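Coordinates from input.txt are shown below (compact mmCIF, C-alpha atoms).
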# COMPACT_ATOMS: atom_id res chain seq x y z
CA MET A 3 1.33 -6.99 -22.32
CA GLU A 4 -1.37 -7.61 -24.91
CA ASN A 5 -0.45 -5.96 -28.19
CA THR A 6 -4.09 -5.34 -29.13
CA PHE A 7 -3.36 -2.82 -31.88
CA ASN A 8 -0.01 -4.26 -33.02
CA LYS A 9 1.60 -0.91 -32.24
CA ILE A 10 4.17 -2.18 -29.74
CA ILE A 11 7.35 -3.02 -31.64
CA GLU A 12 11.03 -3.59 -30.95
CA LEU A 13 13.65 -1.01 -31.83
CA ASP A 14 15.05 -2.96 -34.81
CA VAL A 15 11.57 -3.18 -36.35
CA ALA A 16 11.01 0.54 -35.80
CA MET A 17 14.30 1.32 -37.49
CA LYS A 18 13.15 -0.36 -40.74
CA HIS A 19 10.82 2.60 -41.28
CA PHE A 20 13.70 5.08 -41.54
CA ARG A 21 15.55 6.05 -44.74
CA ASP A 22 18.47 8.28 -45.63
CA GLY A 23 17.34 11.77 -46.59
CA MET A 24 14.18 11.65 -44.50
CA ILE A 25 12.56 14.54 -42.69
CA ILE A 26 12.54 13.61 -39.01
CA MET A 27 10.80 15.69 -36.37
CA PHE A 28 11.88 15.17 -32.77
CA GLY A 29 10.35 16.07 -29.43
CA GLY A 30 12.41 17.62 -26.67
CA PHE A 31 13.86 20.83 -25.33
CA GLY A 32 17.60 20.90 -24.62
CA GLY A 33 17.54 17.11 -24.82
CA ILE A 34 14.88 16.81 -22.11
CA GLY A 35 12.08 14.76 -23.60
CA THR A 36 14.10 13.58 -26.60
CA PRO A 37 13.85 9.77 -27.07
CA PRO A 38 17.31 8.31 -26.27
CA THR A 39 16.77 4.78 -27.60
CA LEU A 40 15.41 5.92 -30.98
CA ILE A 41 18.28 8.42 -31.29
CA ASP A 42 20.79 5.61 -30.76
CA GLY A 43 18.87 3.49 -33.28
CA ILE A 44 19.21 6.21 -35.92
CA LEU A 45 22.94 6.47 -35.19
CA ASP A 46 23.61 2.72 -35.10
CA ASN A 47 21.78 2.19 -38.39
CA GLY A 48 23.83 4.87 -40.10
CA TYR A 49 20.95 7.01 -41.37
CA LYS A 50 22.22 10.23 -42.92
CA ASP A 51 21.34 13.32 -45.00
CA LEU A 52 18.48 13.87 -42.61
CA THR A 53 16.42 17.00 -42.22
CA LEU A 54 15.79 17.47 -38.52
CA ILE A 55 12.96 19.60 -37.17
CA GLY A 56 12.74 20.42 -33.49
CA ASN A 57 13.18 23.04 -30.81
CA ASP A 58 17.00 23.09 -30.65
CA ALA A 59 20.18 21.17 -31.46
CA GLY A 60 20.55 19.75 -27.94
CA PHE A 61 24.08 19.44 -26.58
CA PRO A 62 26.90 17.67 -28.48
CA HIS A 63 26.35 14.44 -26.52
CA ILE A 64 22.70 14.92 -25.51
CA GLY A 65 19.44 14.32 -27.37
CA ILE A 66 19.31 15.13 -31.07
CA GLY A 67 22.74 16.70 -30.59
CA LYS A 68 24.26 13.23 -30.95
CA VAL A 69 22.84 12.90 -34.48
CA VAL A 70 23.88 16.45 -35.38
CA SER A 71 27.41 16.03 -33.98
CA GLN A 72 28.00 12.97 -36.16
CA GLY A 73 27.19 15.00 -39.26
CA ARG A 74 24.05 13.04 -40.09
CA ALA A 75 21.87 16.06 -40.77
CA LYS A 76 21.97 18.08 -43.98
CA LYS A 77 19.43 20.56 -42.66
CA MET A 78 17.95 21.61 -39.37
CA ILE A 79 14.89 23.73 -38.61
CA ALA A 80 15.15 24.92 -35.01
CA SER A 81 14.82 27.95 -32.74
CA HIS A 82 18.41 27.83 -31.50
CA ILE A 83 21.58 25.77 -31.75
CA GLY A 84 23.58 27.69 -29.15
CA SER A 85 23.95 24.80 -26.71
CA ASN A 86 25.60 22.63 -29.37
CA PRO A 87 28.85 24.21 -30.65
CA VAL A 88 29.28 21.36 -33.16
CA ALA A 89 26.03 22.42 -34.82
CA GLY A 90 27.32 26.00 -35.03
CA GLN A 91 30.56 24.78 -36.61
CA LEU A 92 28.72 22.62 -39.17
CA MET A 93 26.54 25.59 -40.05
CA THR A 94 29.52 27.96 -40.38
CA ASP A 95 31.38 25.41 -42.53
CA GLY A 96 28.35 25.09 -44.81
CA ARG A 97 27.97 21.42 -43.99
CA MET A 98 24.53 21.81 -42.43
CA GLU A 99 21.85 24.28 -43.42
CA VAL A 100 20.01 25.83 -40.47
CA GLU A 101 16.65 27.56 -40.68
CA PHE A 102 15.87 29.53 -37.53
CA SER A 103 12.29 30.03 -36.42
CA PRO A 104 11.25 31.88 -33.25
CA GLN A 105 10.60 29.25 -30.60
CA GLY A 106 6.88 29.72 -30.05
CA ILE A 107 6.23 30.16 -33.75
CA LEU A 108 8.19 27.00 -34.52
CA ALA A 109 5.98 25.17 -32.02
CA GLU A 110 2.86 26.62 -33.68
CA ARG A 111 4.12 25.65 -37.15
CA ILE A 112 4.55 22.09 -35.90
CA ARG A 113 1.14 22.17 -34.26
CA ALA A 114 -0.41 23.53 -37.47
CA GLY A 115 1.15 20.67 -39.43
CA GLY A 116 -0.21 18.27 -36.86
CA VAL A 117 -3.76 19.54 -36.98
CA GLY A 118 -4.10 20.03 -40.73
CA ILE A 119 -3.71 23.80 -40.97
CA PRO A 120 -1.47 24.92 -43.88
CA ALA A 121 -0.02 28.05 -42.24
CA ILE A 122 -0.43 30.54 -39.42
CA LEU A 123 -0.14 34.32 -39.33
CA SER A 124 2.49 35.80 -37.03
CA ASP A 125 3.76 39.22 -36.02
CA ILE A 126 6.86 37.81 -34.30
CA GLY A 127 10.20 38.86 -35.78
CA LEU A 128 8.86 41.38 -38.29
CA ASP A 129 11.90 43.55 -37.41
CA ASN A 130 14.33 40.87 -38.44
CA ASP A 131 15.37 39.88 -41.96
CA ILE A 132 16.41 36.42 -40.83
CA VAL A 133 12.86 35.73 -39.70
CA THR A 134 11.03 37.54 -42.50
CA GLY A 135 13.28 36.06 -45.23
CA ASN A 136 11.24 35.47 -48.35
CA LYS A 137 8.06 34.72 -46.45
CA GLN A 138 4.75 35.96 -47.78
CA THR A 139 3.12 38.71 -45.78
CA CYS A 140 -0.46 39.76 -45.51
CA ILE A 141 -2.35 42.71 -44.09
CA MET A 142 -5.24 42.01 -41.78
CA GLY A 143 -7.10 44.64 -39.83
CA GLY A 144 -4.48 47.16 -40.94
CA LYS A 145 -1.62 45.17 -39.44
CA LYS A 146 1.14 43.29 -41.20
CA TYR A 147 1.67 39.59 -40.57
CA LEU A 148 4.07 36.93 -41.77
CA VAL A 149 2.68 33.76 -43.28
CA GLU A 150 4.43 31.02 -41.33
CA THR A 151 4.00 27.69 -43.09
CA ALA A 152 3.08 24.48 -41.29
CA LEU A 153 5.70 21.81 -40.70
CA THR A 154 5.24 18.07 -41.06
CA ALA A 155 7.69 15.18 -41.23
CA ASN A 156 8.07 11.69 -42.66
CA ILE A 157 8.59 10.39 -39.14
CA SER A 158 8.08 12.02 -35.76
CA ILE A 159 9.90 10.63 -32.75
CA VAL A 160 8.68 11.45 -29.25
CA PHE A 161 9.46 10.45 -25.67
CA ALA A 162 6.69 9.75 -23.17
CA LYS A 163 6.48 8.49 -19.63
CA LYS A 164 3.65 6.05 -20.22
CA ALA A 165 1.71 4.56 -23.11
CA ASP A 166 -1.08 2.04 -23.32
CA PRO A 167 -1.23 -0.40 -26.26
CA TYR A 168 -3.33 2.07 -28.26
CA GLY A 169 -0.54 4.65 -28.01
CA ASN A 170 -2.30 7.04 -25.66
CA LEU A 171 0.55 9.03 -24.13
CA VAL A 172 1.27 10.62 -20.77
CA PHE A 173 4.36 12.79 -20.44
CA ASP A 174 6.57 13.61 -17.47
CA LYS A 175 6.69 17.18 -16.13
CA SER A 176 8.74 19.54 -18.30
CA ALA A 177 9.70 16.64 -20.59
CA ARG A 178 6.31 17.23 -22.22
CA ASN A 179 7.49 20.44 -23.99
CA THR A 180 7.19 19.94 -27.78
CA ASN A 181 6.36 16.23 -27.66
CA PRO A 182 2.53 16.43 -27.94
CA LEU A 183 2.91 18.77 -30.95
CA VAL A 184 5.59 16.71 -32.68
CA ALA A 185 3.51 13.58 -32.10
CA MET A 186 0.73 15.03 -34.29
CA ALA A 187 2.92 16.29 -37.14
CA GLY A 188 4.54 13.10 -38.39
CA ASP A 189 3.18 11.08 -41.31
CA MET A 190 4.26 8.29 -39.00
CA THR A 191 4.83 8.79 -35.28
CA ILE A 192 6.96 6.52 -33.15
CA ALA A 193 6.73 7.00 -29.39
CA GLU A 194 9.51 5.78 -27.16
CA VAL A 195 8.06 5.19 -23.71
CA GLU A 196 9.40 4.46 -20.27
CA GLU A 197 6.47 2.27 -19.33
CA ILE A 198 3.74 0.43 -21.24
CA VAL A 199 0.60 -0.04 -19.18
CA PRO A 200 -2.49 -2.18 -19.89
CA LEU A 201 -5.31 -0.83 -22.01
CA GLY A 202 -7.82 0.90 -19.76
CA SER A 203 -5.37 1.67 -16.98
CA LEU A 204 -4.73 5.27 -18.02
CA ASP A 205 -7.34 7.73 -16.84
CA PRO A 206 -8.78 9.18 -20.09
CA ASP A 207 -8.61 12.59 -18.40
CA GLU A 208 -4.83 12.37 -17.94
CA ILE A 209 -3.98 11.40 -21.53
CA ILE A 210 -2.20 14.27 -23.29
CA THR A 211 -1.70 12.70 -26.73
CA PRO A 212 -4.53 10.49 -27.96
CA GLY A 213 -3.29 7.25 -29.46
CA VAL A 214 -4.74 8.09 -32.88
CA PHE A 215 -1.58 10.12 -33.52
CA VAL A 216 0.77 7.31 -32.53
CA ASN A 217 1.61 4.54 -35.02
CA TYR A 218 4.21 2.64 -33.05
CA ILE A 219 5.39 2.30 -29.47
CA VAL A 220 8.97 1.33 -28.63
CA PRO A 221 10.06 0.50 -25.06
CA SER A 222 12.78 2.88 -23.85
CA LYS A 223 16.17 1.73 -22.59
CA GLY A 224 16.36 5.01 -20.71
CA VAL A 225 18.50 8.11 -20.92
CA ASN A 226 22.15 7.10 -21.42
CA TRP A 227 23.78 10.52 -21.58
CA LYS A 228 25.16 12.70 -18.81
CA TRP A 229 23.20 15.94 -18.39
CA ALA A 230 25.01 19.28 -18.54
CA TRP A 231 24.23 19.88 -14.86
CA GLU A 232 25.57 16.51 -13.65
CA MET B 26 31.44 40.92 -12.97
CA GLY B 27 31.76 39.89 -9.34
CA VAL B 28 29.09 38.01 -7.47
CA GLU B 29 28.37 41.00 -5.25
CA ILE B 30 27.72 43.31 -8.19
CA ARG B 31 25.60 40.70 -9.93
CA ASN B 32 23.52 40.38 -6.79
CA ARG B 33 23.18 44.15 -6.46
CA ILE B 34 21.74 44.30 -9.99
CA ALA B 35 19.47 41.33 -9.31
CA LYS B 36 18.24 42.89 -6.07
CA ARG B 37 17.29 46.12 -7.84
CA ALA B 38 15.45 44.13 -10.53
CA ALA B 39 13.59 42.19 -7.84
CA GLU B 40 12.02 45.47 -6.66
CA GLU B 41 10.11 45.62 -9.94
CA ILE B 42 8.33 42.35 -9.27
CA LYS B 43 4.95 42.81 -7.61
CA ASN B 44 2.64 40.34 -5.94
CA GLY B 45 0.65 38.23 -8.37
CA MET B 46 2.87 38.72 -11.39
CA ILE B 47 3.87 36.11 -13.97
CA VAL B 48 7.56 36.60 -14.68
CA ASN B 49 9.96 34.99 -17.16
CA LEU B 50 13.66 35.07 -16.31
CA GLY B 51 16.53 34.71 -18.75
CA ILE B 52 19.80 32.97 -17.93
CA GLY B 53 22.72 34.64 -16.11
CA ILE B 54 22.06 37.51 -13.70
CA PRO B 55 18.26 37.29 -14.17
CA SER B 56 18.32 33.83 -12.60
CA LEU B 57 19.55 35.45 -9.35
CA VAL B 58 16.49 37.70 -9.06
CA PRO B 59 14.23 35.28 -7.11
CA ASN B 60 16.81 35.18 -4.28
CA HIS B 61 16.07 38.84 -3.59
CA LEU B 62 12.28 38.79 -3.40
CA PRO B 63 10.75 39.65 -0.04
CA ALA B 64 9.34 36.60 1.74
CA GLY B 65 5.68 36.11 0.96
CA THR B 66 5.79 37.59 -2.56
CA ASN B 67 3.48 35.46 -4.66
CA VAL B 68 5.02 35.22 -8.11
CA MET B 69 4.62 32.58 -10.78
CA PHE B 70 7.87 32.13 -12.65
CA HIS B 71 7.24 31.08 -16.23
CA ALA B 72 9.54 28.93 -18.38
CA GLU B 73 9.32 28.60 -22.15
CA ASN B 74 9.55 24.82 -21.93
CA GLY B 75 6.18 24.65 -20.23
CA ILE B 76 6.38 25.35 -16.51
CA THR B 77 4.29 27.99 -14.77
CA GLY B 78 5.31 28.22 -11.14
CA MET B 79 9.02 27.37 -11.04
CA GLY B 80 10.67 27.23 -7.64
CA PRO B 81 14.30 27.25 -6.53
CA SER B 82 16.98 24.78 -7.60
CA PRO B 83 16.64 21.46 -5.80
CA GLU B 84 19.27 20.24 -3.36
CA LYS B 85 22.14 18.29 -4.85
CA GLY B 86 21.04 14.70 -5.31
CA LYS B 87 17.35 15.62 -5.49
CA GLU B 88 17.39 16.81 -9.11
CA ASP B 89 14.76 15.43 -11.49
CA GLU B 90 16.05 15.17 -15.07
CA ASN B 91 12.53 15.78 -16.37
CA LEU B 92 11.98 18.94 -14.32
CA CYS B 93 14.28 21.59 -15.72
CA ASN B 94 14.12 25.23 -16.74
CA ALA B 95 14.48 26.45 -20.33
CA GLY B 96 18.27 26.44 -19.90
CA GLY B 97 18.18 22.74 -19.06
CA PHE B 98 18.97 23.07 -15.37
CA PRO B 99 16.98 21.33 -12.63
CA VAL B 100 14.34 23.36 -10.84
CA SER B 101 11.50 22.69 -8.44
CA ILE B 102 7.90 23.85 -8.56
CA VAL B 103 5.78 25.85 -6.15
CA LYS B 104 2.24 25.14 -4.98
CA GLY B 105 -0.17 25.97 -7.80
CA ALA B 106 2.35 25.21 -10.54
CA SER B 107 1.34 23.62 -13.83
CA TYR B 108 2.96 22.01 -16.87
CA CYS B 109 1.98 22.65 -20.47
CA ASP B 110 3.33 22.10 -23.96
CA SER B 111 5.45 24.67 -25.82
CA THR B 112 2.55 26.22 -27.76
CA ILE B 113 0.67 26.97 -24.54
CA ALA B 114 3.83 28.32 -22.87
CA PHE B 115 4.28 30.76 -25.78
CA GLY B 116 0.56 31.40 -26.00
CA MET B 117 0.84 32.85 -22.50
CA ILE B 118 3.55 35.20 -23.77
CA ARG B 119 1.90 36.29 -27.01
CA ARG B 120 -1.50 36.73 -25.38
CA GLY B 121 0.02 39.20 -22.92
CA ARG B 122 -0.28 37.08 -19.78
CA VAL B 123 3.40 37.34 -18.94
CA ASP B 124 3.79 40.55 -16.94
CA MET B 125 7.53 40.85 -17.12
CA THR B 126 10.62 39.39 -18.68
CA ILE B 127 14.07 40.02 -17.25
CA LEU B 128 16.87 39.18 -19.65
CA GLY B 129 20.43 39.90 -20.69
CA SER B 130 21.50 41.70 -23.85
CA LEU B 131 24.43 42.47 -26.14
CA GLU B 132 23.16 45.98 -27.03
CA VAL B 133 20.17 48.17 -26.22
CA SER B 134 19.46 51.45 -27.97
CA GLY B 135 18.22 54.58 -26.23
CA LYS B 136 14.88 53.98 -27.94
CA GLY B 137 14.61 50.55 -26.38
CA ASP B 138 15.66 48.43 -29.36
CA LEU B 139 16.97 45.08 -28.15
CA ALA B 140 19.79 43.16 -29.85
CA ASN B 141 20.60 40.00 -27.96
CA TRP B 142 20.43 37.01 -30.26
CA ILE B 143 23.18 37.04 -32.85
CA VAL B 144 26.66 38.35 -33.63
CA PRO B 145 26.92 37.80 -37.40
CA GLY B 146 29.94 35.69 -38.32
CA LYS B 147 30.85 35.04 -34.70
CA LYS B 148 28.03 33.77 -32.59
CA VAL B 149 25.01 32.15 -34.18
CA PRO B 150 22.96 30.74 -31.38
CA GLY B 151 19.49 31.42 -32.78
CA MET B 152 16.74 33.49 -31.22
CA GLY B 153 15.13 30.80 -29.11
CA GLY B 154 12.16 32.42 -27.39
CA ALA B 155 13.70 35.88 -27.06
CA MET B 156 11.69 37.49 -29.86
CA GLU B 157 8.32 36.49 -28.45
CA LEU B 158 9.34 37.56 -24.95
CA ALA B 159 10.80 40.89 -26.03
CA GLN B 160 7.86 41.71 -28.26
CA LYS B 161 5.00 40.49 -26.09
CA ALA B 162 5.89 40.54 -22.40
CA LYS B 163 4.19 43.56 -20.80
CA LYS B 164 7.44 44.86 -19.34
CA VAL B 165 10.97 44.12 -20.56
CA ILE B 166 13.88 44.67 -18.18
CA VAL B 167 17.45 44.22 -19.39
CA LEU B 168 20.24 43.40 -16.92
CA MET B 169 23.69 43.82 -18.41
CA ASN B 170 27.15 45.37 -18.08
CA GLN B 171 27.41 49.06 -18.86
CA THR B 172 30.19 48.22 -21.36
CA ASP B 173 31.41 45.20 -23.29
CA LYS B 174 34.74 43.49 -22.55
CA TYR B 175 36.54 46.04 -24.73
CA GLY B 176 35.03 48.95 -22.77
CA ASN B 177 32.55 49.95 -25.47
CA PRO B 178 29.13 51.13 -24.26
CA LYS B 179 26.36 48.56 -24.63
CA ILE B 180 23.69 51.26 -24.45
CA VAL B 181 23.92 52.86 -27.87
CA ASP B 182 22.24 55.34 -30.18
CA GLU B 183 21.50 52.69 -32.81
CA CYS B 184 22.12 48.98 -32.38
CA THR B 185 24.80 47.66 -34.73
CA LEU B 186 23.74 44.02 -34.22
CA PRO B 187 20.57 42.56 -35.76
CA LEU B 188 17.55 43.39 -33.61
CA THR B 189 15.66 40.90 -31.53
CA SER B 190 12.84 43.39 -31.37
CA ALA B 191 12.51 47.15 -31.86
CA ARG B 192 11.34 49.56 -29.13
CA CYS B 193 10.56 46.88 -26.57
CA VAL B 194 12.85 47.53 -23.59
CA ASN B 195 11.31 49.44 -20.67
CA MET B 196 14.20 49.42 -18.21
CA ILE B 197 17.94 48.78 -18.15
CA ILE B 198 19.86 47.92 -14.99
CA THR B 199 23.66 47.87 -15.16
CA GLU B 200 26.36 47.81 -12.49
CA MET B 201 26.43 51.63 -12.70
CA ALA B 202 22.86 52.83 -13.05
CA VAL B 203 19.19 52.21 -13.73
CA PHE B 204 17.51 53.70 -16.81
CA GLN B 205 13.86 53.96 -17.75
CA ILE B 206 12.96 54.04 -21.43
CA SER B 207 9.81 55.78 -22.61
CA SER B 208 8.67 57.46 -25.82
CA HIS B 209 10.78 60.41 -24.65
CA GLY B 210 13.90 58.29 -24.64
CA LEU B 211 16.32 57.24 -21.95
CA THR B 212 16.17 58.56 -18.37
CA LEU B 213 18.63 57.79 -15.58
CA THR B 214 16.67 57.12 -12.39
CA ASP B 215 19.08 55.32 -10.04
CA LEU B 216 22.81 55.47 -9.53
CA PHE B 217 24.87 52.74 -7.88
CA THR B 218 27.68 53.87 -5.59
CA PRO B 219 30.50 54.74 -6.15
CA TYR B 220 29.65 55.94 -9.68
CA SER B 221 28.90 59.53 -10.69
CA ILE B 222 26.55 60.68 -13.42
CA ASN B 223 29.54 61.88 -15.42
CA GLU B 224 31.15 58.45 -15.22
CA VAL B 225 27.91 56.88 -16.44
CA ARG B 226 27.68 59.42 -19.26
CA ALA B 227 31.23 58.56 -20.38
CA LYS B 228 30.24 54.91 -20.68
CA THR B 229 26.87 55.38 -22.35
CA GLY B 230 26.70 55.54 -26.13
CA CYS B 231 23.70 57.85 -26.36
CA SER B 232 22.31 60.86 -24.55
CA PHE B 233 19.97 60.51 -21.60
CA THR B 234 18.02 62.77 -19.30
CA ILE B 235 18.30 62.65 -15.54
CA ALA B 236 15.29 62.06 -13.32
CA GLU B 237 14.37 64.78 -10.83
CA ASN B 238 15.22 62.72 -7.79
CA VAL B 239 17.97 60.30 -8.64
CA ARG B 240 18.08 57.50 -6.13
CA VAL B 241 21.54 56.49 -4.96
CA ILE B 242 21.88 52.79 -4.15
CA ASN B 243 24.74 51.55 -1.98

Render the structure in this file as structure tokens.
Amino acid sequence: MENTFNKIIELDVAMKHFRDGMIIMFGGFGGIGTPPTLIDGILDNGYKDLTLIGNDAGFPHIGIGKVVSQGRAKKMIASHIGSNPVAGQLMTDGRMEVEFSPQGILAERIRAGGVGIPAILSDIGLDNDIVTGNKQTCIMGGKKYLVETALTANISIVFAKKADPYGNLVFDKSARNTNPLVAMAGDMTIAEVEEIVPLGSLDPDEIITPGVFVNYIVPSKGVNWKWAWE
Amino acid sequence: MGVEIRNRIAKRAAEEIKNGMIVNLGIGIPSLVPNHLPAGTNVMFHAENGITGMGPSPEKGKEDENLCNAGGFPVSIVKGASYCDSTIAFGMIRRGRVDMTILGSLEVSGKGDLANWIVPGKKVPGMGGAMELAQKAKKVIVLMNQTDKYGNPKIVDECTLPLTSARCVNMIITEMAVFQISSHGLTLTDLFTPYSINEVRAKTGCSFTIAENVRVIN
């Protein structure tokens, strides 16, 4: 494959961009659509004290759950951690801070970060102290709203079905989920892909994430965990 | 709760689904609801992870790891289905396009307050998409046991657990009865055999009125 834009790199090269203490945003929903090869890279290279931002904590042995279970995260921003009991234990023991955000609002905060909007206004969770916290509020049209701040990350990691050398991405069914949003919100975005296809072979109409948001493309070694339903 | 009772609850909930609706189902008993829809009902089942038009579970061996519901279990799709990202999936909810959500709960108050996302100090799963669904779906139906495992009523005067959303529940279906919730409070509309209204009253933590014609369901 011609590496026209020098975006296609090997895993070990990609891993040189990571640091301890980084903010990492990950695509995926219950592990589906979370990049397995990059997750293993983070584990194998020993990165720690990470702040992880994404939909959920996966399962103990699935998706981002593998990173969480090994105690590599100091903080997580997610909508739920219920499917990963290890995450709950770390939170209860005070070894990992967890900030909960309602799922759709979390997705919008990530999207806002990705499209250069500093915050959004939301009326979700106004009845709940855990959501309202110390957030600013504002009144618009006589109604109260929470100011939900945008989220960005040092590195975003996403999982796609196909990429061309420019980094244009196509996702697979429900594995799309948060990936197109996460892809936009990283200062650097690394896409793990199942297949790299020649430039010009993707129909521009089918591309979900334009390659402008993707800095690097890493070939996937495939999912190596057993799903909860298997 | 036995499979038969779970199915009886699911079957009653299925009656609320009308042709053309967009419906979001929670995990547990709500996931049984589609099995009880009359053939030919055109419903689009919505999932928070970006599927509109979910179909039944695939046969064993035909699962697709990238086609799963919000609980992470393999599903299929129906004709006319579409995929979208998480912001669009929740946009559908907040914009009022989702006609109904059917979910489980830990507590519901007689005013329709829903508490189903956290037990402080014990269970800290996070709210997931429950707040958006409870607050913005046009109709919220709760399927749950009449009492908790200690025998305490789950329908209460005031929720003791942190709220998912206030005054959002329209209907509760338990193994004993069906309740409607309006601005006038809680009304018992259906009774499952073999229970009596007095038995239901003894296991309900708040007062309720009784509909004129209570339907008895076998």

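Residues of chain A having any atom within 7 Å of chain B, counting all atoms listed in the file, are Phe31, Gly32, Ile34, Ser81, His82, Ile83, Gly84, Gly90, Phe102, Pro104, Gln105, Gly106, Ala109, Glu110, Ile126, Gly127, Asp129, Asn130, Asp174, Lys175, Ser176, Ala177, Arg178, Asn179, Thr180, Pro182 and Trp231 of chain A.
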
Looking at B:Glu40, B:Gly80, B:Arg192, B:Ile47, which one is nearest to Pro63 in chain B, with distances taken over only C-alpha atoms?
->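 For Pro63 in chain B, the nearest of the candidates is B:Glu40.
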
May I have the protein, DNA and RNA residues with any atom at most 12 Å from the point (23.7, 50.6, -24.5), counting all atoms listed in the file, written as a ChimeraX atom specification?
-> /B:129-141,167-173,176-186,194,196-199,202-204,206,211,225-233

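In terms of minimum interatomic distance to Ile102 in chain B, B:His71 ranks closest within B:His71, B:Arg122, B:Arg31, B:His209, counting all atoms listed in the file.
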
Determine, counting only C-alpha atoms, every residue of protein, DNA or RNA that lies within 9 Å of (20.1, 10.0, -52.3) in the file coordinates, then give the result as a list in words.
->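 Residues lying no farther than 9 Å from the given point: Asp22, Gly23 and Asp51 of chain A.
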
Mind checking which residues fall within 10 Å of Ile30 in chain B, counting only C-alpha atoms, ignoring those fewer than 3 positions away in the same chain, and posting them as a list of chain:residue names?
-> B:Met26, B:Gly27, B:Arg33, B:Ile34, B:Ala35, B:Lys36, B:Ile54, B:Thr199, B:Glu200, B:Met201, B:Phe217

What gap, in Å, lies between CA of Leu204 in chain A and CA of Asp166 in chain A?
->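 For CA of Leu204 in chain A relative to CA of Asp166 in chain A, the distance reads 7.2 Å.
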
Find the spatial neighbours of Ser203 in chain A, counting all atoms listed in the file, within a cut-off of 12 Å - ignore same-chain residues fewer than 5 positions away - and output them as a PyMOL selection string.
-> chain A and resi 164-168+170-172+198+208-209

What does the distance between CA of Gly78 in chain B and CA of Gly105 in chain B come to in Å, to one decimal place?
->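 Value for the CA of Gly78 in chain B-CA of Gly105 in chain B distance: 6.8 Å.
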
Find the distance between CA of Lys43 in chain B and CA of Ala162 in chain B and write it in Å to one decimal.
->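 Computed distance, CA of Lys43 in chain B to CA of Ala162 in chain B, equals 15.0 Å.
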
Excluding Ala59 in chain A and any residue of its chain fewer than 3 positions from it, enumerate the residues within 10 Å of it, using all atoms listed in the file, and give them as a PDB file with C-alpha atoms, in the frame of the given file.
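After the write, selection_28.pdb holds the following:
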ATOM      1  CA  GLY A  30      12.410  17.620 -26.670  1.00  0.00           C
ATOM      2  CA  PHE A  31      13.860  20.830 -25.330  1.00  0.00           C
ATOM      3  CA  GLY A  32      17.600  20.900 -24.620  1.00  0.00           C
ATOM      4  CA  GLY A  33      17.540  17.110 -24.820  1.00  0.00           C
ATOM      5  CA  LEU A  54      15.790  17.470 -38.520  1.00  0.00           C
ATOM      6  CA  ILE A  55      12.960  19.600 -37.170  1.00  0.00           C
ATOM      7  CA  GLY A  56      12.740  20.420 -33.490  1.00  0.00           C
ATOM      8  CA  PRO A  62      26.900  17.670 -28.480  1.00  0.00           C
ATOM      9  CA  ILE A  64      22.700  14.920 -25.510  1.00  0.00           C
ATOM     10  CA  GLY A  65      19.440  14.320 -27.370  1.00  0.00           C
ATOM     11  CA  ILE A  66      19.310  15.130 -31.070  1.00  0.00           C
ATOM     12  CA  GLY A  67      22.740  16.700 -30.590  1.00  0.00           C
ATOM     13  CA  LYS A  68      24.260  13.230 -30.950  1.00  0.00           C
ATOM     14  CA  VAL A  69      22.840  12.900 -34.480  1.00  0.00           C
ATOM     15  CA  VAL A  70      23.880  16.450 -35.380  1.00  0.00           C
ATOM     16  CA  SER A  71      27.410  16.030 -33.980  1.00  0.00           C
ATOM     17  CA  MET A  78      17.950  21.610 -39.370  1.00  0.00           C
ATOM     18  CA  ILE A  79      14.890  23.730 -38.610  1.00  0.00           C
ATOM     19  CA  ALA A  80      15.150  24.920 -35.010  1.00  0.00           C
ATOM     20  CA  SER A  81      14.820  27.950 -32.740  1.00  0.00           C
ATOM     21  CA  HIS A  82      18.410  27.830 -31.500  1.00  0.00           C
ATOM     22  CA  ILE A  83      21.580  25.770 -31.750  1.00  0.00           C
ATOM     23  CA  GLY A  84      23.580  27.690 -29.150  1.00  0.00           C
ATOM     24  CA  SER A  85      23.950  24.800 -26.710  1.00  0.00           C
ATOM     25  CA  ASN A  86      25.600  22.630 -29.370  1.00  0.00           C
ATOM     26  CA  PRO A  87      28.850  24.210 -30.650  1.00  0.00           C
ATOM     27  CA  VAL A  88      29.280  21.360 -33.160  1.00  0.00           C
ATOM     28  CA  ALA A  89      26.030  22.420 -34.820  1.00  0.00           C
ATOM     29  CA  GLY A  90      27.320  26.000 -35.030  1.00  0.00           C
TER      30      GLY A  90
ATOM     31  CA  PRO B 150      22.960  30.740 -31.380  1.00  0.00           C
TER      32      PRO B 150
END

Which residue out of A:Gly169, A:Thr39, A:Glu150, A:Gln72 has the minimum interatomic distance to Gly202 in chain A when only C-alpha atoms are used?
->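 With only C-alpha atoms as the atom set, the closest residue is A:Gly169.
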
From the set B:Asn238, B:Val123, B:Ile222, B:Pro145, which residue has the shortest atom-to-atom contact distance to Thr94 in chain A, counting all atoms listed in the file?
->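 Of all the options, B:Pro145 lies closest to Thr94 in chain A.
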
Determine the nearest neighbour of Gly45 in chain B from the options B:Lys87, B:Ser82, B:Met125, B:Met117, counting only C-alpha atoms.
->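 Between B:Lys87, B:Ser82, B:Met125, B:Met117, the residue approaching Gly45 in chain B most closely is B:Met125.
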
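Counting all atoms listed in the file and comparing A:Leu201, A:Gly73, A:Pro38, A:Lys146, the residue that lies closest to Gln91 in chain A is A:Gly73.
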